[in-house]
Amino acid sequence: VASLVKRAEDIRNGLVEPNEDNMLCVTGDGRKAALDMRCIDPVLPDYKGGKVNACVENVFRHWEDGEGQKLTQLVFCDLSTPANTTFSVYRDMRDKLLARGVPADEIAFAQSYGTDLQKADLHRKVRVGKIRILFGSTELMGFGTNVQDLLIAEHHLDAPWRPRDVEQRDGRIERQGNRNDEIWIYRYVTEGSFDAYMWQTLETKAKFIAQVMDGNSDVRSVEDVTSQALSYAEIKAIASGNPLVIEKAGIDAEVAKLSQIRRAFEDGQLQLRQRLRYRREDLASVEQSIVMLEQDVAASAELGQSFLVDGMKFVPGEEVGKLLMQKMAEARIGSMKRGIGETSVVDLAESAGFTLKIEFYGRESTKKFIVGPSGYKV
């Protein structure tokens, strides 16, 4: 663990590249060391006081006691599976059980059964007690593994990341159809290792989830339960072995997270105040537009009954149409004499207080529009 602290310091100080080492790798190595140091270095000696050997003792005892009834057991371990070519906790435990007299055909690894037919056959053999000790990971022996009939004991060699994984594990043995009135569930922890952090993290997540499920309105956020990596402070706390230091590291991390949430809240309030100011300004503009439009609507009753063009009054007809076309042509000629980029607006005609205008941008007409008696442009 002390070496992991040194690695964490190097990562924090930027002395190593992320592809060389990172906190996720430190976390993974810490979990492996808590399981068995041979997962880190296969040439290290077997530690007799480790949890792997403690598990072997319990598995063998239950196997021996339940031999007459063919009682069965499950051993969960997500790390150091049989796929590991150098050292595997699975193979190490199996060899030790074989040395004590457990028949080889009564021990199985879930990883050895790949197809649905093979898995179904495996589960059947466990249910009838033909296979009495089954090793596997949470993924392979969690949901859908119905082998509860003769289960007497379940062993957790390591801790998963999610509370639901623990429930899935326990759901294999705490299940309707188990013929045993009493069962044993073992959780193995290496003192002063990452195990304490893992189970503490599971407890924290489970509390959050329980609060959400209970409908507690005080809960404002929930931890991400899909992935985890230790912070620098938490690794140092684990190295100390002092539970109060570990608790302080957790509180410091919580304070930092709440500070970020507070800053995000304050930024959000500032944005809302700005939006409110803009909306108030928009409201005043809209209210003014409504008043102007109401004036124009009132005046529009006489719109189109007569026209004023250059001070002369006309009734709707061909004559006023020709005059308007002539004024538009003259306005276009006038715009041709202006420079590129200059804008000009020409009044064409007026009716009931409404003025028809045409706008030229440079040498081309851009749009025609009407300005009402209130001055509102349509």
# chains A, B, ... in the order shown; residues from 1 in each chain; ligands from 1

$ select_by_dssp --residues "range 91-306 of chain A" --states "strand (DSSP E or B)" --output "ChimeraX atom specification"
/A:107-109,133-136,151-156,184-187

$ select_by_dssp --residues "range 27-256 of chain A" --states "helix (DSSP H, G or I)" --output "PyMOL selection string"
chain A and resi 27-35+37-39+51-65+89-99+104-106+110-112+116-127+138-141+163-170+194-213+232-240+243-256

$ atom_distance --atom1 "CA of Asp158 in chain A" --atom2 "CA of Leu79 in chain A"
7.6 Å

$ residues_around --residues "Gly304 in chain A" --least-positions-apart "4" --cutoff "8 Å" --atoms "only C-alpha atoms" --output "PyMOL selection string"
chain A and resi 316+351-352

$ residues_around --residues "Pro82 in chain A" --least-positions-apart "4" --cutoff "9 Å" --atoms "only C-alpha atoms" --output "PyMOL selection string"
chain A and resi 87-91+109+111-112

$ residues_around --residues "Ala301 in chain A" --least-positions-apart "5" --cutoff "12 Å" --atoms "only C-alpha atoms" --output "PyMOL selection string"
chain A and resi 295-296+306+351-354

$ write_last_selection --atoms "N, CA, C and O atoms" --output "CSV table (one decimal), in the first residue's frame"
chain,number,residue,atom,x,y,z
A,295,GLN,N,-53.6,50.5,-32.3
A,295,GLN,CA,-53.9,51.7,-33.0
A,295,GLN,C,-54.0,51.5,-34.5
A,295,GLN,O,-54.9,52.0,-35.1
A,296,ASP,N,-53.1,50.7,-35.0
A,296,ASP,CA,-53.1,50.4,-36.4
A,296,ASP,C,-54.4,49.6,-36.8
A,296,ASP,O,-55.0,49.9,-37.9
A,306,SER,N,-58.8,54.9,-50.4
A,306,SER,CA,-58.2,56.0,-51.2
A,306,SER,C,-56.7,56.0,-51.0
A,306,SER,O,-56.2,55.5,-50.0
A,351,SER,N,-52.3,55.6,-47.3
A,351,SER,CA,-53.7,55.3,-47.3
A,351,SER,C,-54.2,55.1,-45.8
A,351,SER,O,-53.6,54.3,-45.1
A,352,ALA,N,-55.1,55.9,-45.4
A,352,ALA,CA,-55.7,55.9,-44.0
A,352,ALA,C,-54.6,56.0,-43.0
A,352,ALA,O,-54.6,55.3,-41.9
A,353,GLY,N,-53.5,56.7,-43.2
A,353,GLY,CA,-52.5,56.9,-42.3
A,353,GLY,C,-51.4,55.8,-42.4
A,353,GLY,O,-50.3,55.9,-41.8
A,354,PHE,N,-51.6,54.8,-43.3
A,354,PHE,CA,-50.6,53.8,-43.5
A,354,PHE,C,-49.7,54.2,-44.7
A,354,PHE,O,-50.2,54.7,-45.7

$ residues_around --residues "range 142-144 of chain A" --least-positions-apart "3" --cutoff "8 Å" --atoms "only C-alpha atoms" --output "VMD selection string"
chain A and resid 137 to 139 165 168 to 169 171 to 172

$ write_last_selection --atoms "C-alpha atoms" --output "PDB file, in the first residue's frame"
ATOM      1  CA  SER A 137     -17.393 -14.060 -11.053  1.00  0.00           C
ATOM      2  CA  THR A 138     -20.416 -11.861 -10.382  1.00  0.00           C
ATOM      3  CA  GLU A 139     -21.035 -11.565 -14.107  1.00  0.00           C
ATOM      4  CA  ASP A 165     -23.768  -6.952  -7.539  1.00  0.00           C
ATOM      5  CA  GLN A 168     -27.134 -10.559  -7.015  1.00  0.00           C
ATOM      6  CA  ARG A 169     -24.474 -12.672  -5.328  1.00  0.00           C
ATOM      7  CA  GLY A 171     -29.608 -13.766  -4.224  1.00  0.00           C
ATOM      8  CA  ARG A 172     -28.115 -17.065  -5.361  1.00  0.00           C
TER       9      ARG A 172
END

$ closest_residue --among "A:Ala34, A:Val128, A:Leu71, A:Ile133" --to "Arg94 in chain A" --atoms "only C-alpha atoms"
A:Ile133

$ atom_distance --atom1 "CA of Ala159 in chain A" --atom2 "CA of Ile107 in chain A"
22.4 Å

$ residues_around --residues "Glu350 in chain A" --least-positions-apart "4" --cutoff "10 Å" --atoms "only C-alpha atoms" --output "number ranges by chain"
A: 303-304, 306-311, 313, 354-357, 370-372

$ write_last_selection --atoms "N, CA and C atoms" --output "PDB file, in the first residue's frame"
ATOM      1  N   LEU A 303     -58.458  51.530 -44.695  1.00  0.00           N
ATOM      2  CA  LEU A 303     -57.278  51.255 -45.514  1.00  0.00           C
ATOM      3  C   LEU A 303     -57.692  50.763 -46.899  1.00  0.00           C
ATOM      4  N   GLY A 304     -57.112  51.371 -47.932  1.00  0.00           N
ATOM      5  CA  GLY A 304     -57.360  50.964 -49.308  1.00  0.00           C
ATOM      6  C   GLY A 304     -58.530  51.630 -49.991  1.00  0.00           C
ATOM      7  N   SER A 306     -58.803  54.926 -50.400  1.00  0.00           N
ATOM      8  CA  SER A 306     -58.222  55.994 -51.221  1.00  0.00           C
ATOM      9  C   SER A 306     -56.723  56.025 -50.978  1.00  0.00           C
ATOM     10  N   PHE A 307     -55.981  56.639 -51.900  1.00  0.00           N
ATOM     11  CA  PHE A 307     -54.528  56.691 -51.813  1.00  0.00           C
ATOM     12  C   PHE A 307     -54.051  58.124 -52.027  1.00  0.00           C
ATOM     13  N   LEU A 308     -52.998  58.509 -51.341  1.00  0.00           N
ATOM     14  CA  LEU A 308     -52.318  59.772 -51.554  1.00  0.00           C
ATOM     15  C   LEU A 308     -50.962  59.473 -52.146  1.00  0.00           C
ATOM     16  N   VAL A 309     -50.717  59.992 -53.357  1.00  0.00           N
ATOM     17  CA  VAL A 309     -49.434  59.795 -54.031  1.00  0.00           C
ATOM     18  C   VAL A 309     -48.935  61.184 -54.424  1.00  0.00           C
ATOM     19  N   ASP A 310     -47.810  61.581 -53.867  1.00  0.00           N
ATOM     20  CA  ASP A 310     -47.240  62.914 -54.115  1.00  0.00           C
ATOM     21  C   ASP A 310     -48.262  64.007 -53.830  1.00  0.00           C
ATOM     22  N   GLY A 311     -49.045  63.829 -52.752  1.00  0.00           N
ATOM     23  CA  GLY A 311     -50.010  64.833 -52.342  1.00  0.00           C
ATOM     24  C   GLY A 311     -51.312  64.788 -53.114  1.00  0.00           C
ATOM     25  N   LYS A 313     -54.809  62.811 -54.409  1.00  0.00           N
ATOM     26  CA  LYS A 313     -55.675  61.743 -53.929  1.00  0.00           C
ATOM     27  C   LYS A 313     -56.174  60.908 -55.094  1.00  0.00           C
ATOM     28  N   PHE A 354     -51.561  54.824 -43.293  1.00  0.00           N
ATOM     29  CA  PHE A 354     -50.551  53.802 -43.546  1.00  0.00           C
ATOM     30  C   PHE A 354     -49.703  54.222 -44.731  1.00  0.00           C
ATOM     31  N   THR A 355     -48.382  54.066 -44.633  1.00  0.00           N
ATOM     32  CA  THR A 355     -47.471  54.485 -45.693  1.00  0.00           C
ATOM     33  C   THR A 355     -46.784  53.263 -46.287  1.00  0.00           C
ATOM     34  N   LEU A 356     -46.866  53.135 -47.624  1.00  0.00           N
ATOM     35  CA  LEU A 356     -46.177  52.065 -48.336  1.00  0.00           C
ATOM     36  C   LEU A 356     -44.797  52.565 -48.721  1.00  0.00           C
ATOM     37  N   LYS A 357     -43.763  51.824 -48.298  1.00  0.00           N
ATOM     38  CA  LYS A 357     -42.396  52.239 -48.552  1.00  0.00           C
ATOM     39  C   LYS A 357     -41.643  51.127 -49.269  1.00  0.00           C
ATOM     40  N   ILE A 370     -44.917  48.329 -44.940  1.00  0.00           N
ATOM     41  CA  ILE A 370     -45.925  49.342 -44.600  1.00  0.00           C
ATOM     42  C   ILE A 370     -45.669  49.827 -43.191  1.00  0.00           C
ATOM     43  N   VAL A 371     -45.734  51.128 -43.001  1.00  0.00           N
ATOM     44  CA  VAL A 371     -45.613  51.730 -41.676  1.00  0.00           C
ATOM     45  C   VAL A 371     -46.981  52.285 -41.300  1.00  0.00           C
ATOM     46  N   GLY A 372     -47.519  51.799 -40.150  1.00  0.00           N
ATOM     47  CA  GLY A 372     -48.840  52.217 -39.731  1.00  0.00           C
ATOM     48  C   GLY A 372     -48.841  53.587 -39.101  1.00  0.00           C
TER      49      GLY A 372
END

$ atom_distance --atom1 "CA of Glu154 in chain A" --atom2 "CA of His62 in chain A"
10.3 Å

$ closest_residue --among "A:Leu140, A:Val26, A:Val297, A:Ala83" --to "Ser3 in chain A" --atoms "only C-alpha atoms"
A:Val26

$ closest_residue --among "A:Asp46, A:Asp78, A:Asp92, A:Asp121" --to "Pro160 in chain A" --atoms "only C-alpha atoms"
A:Asp78
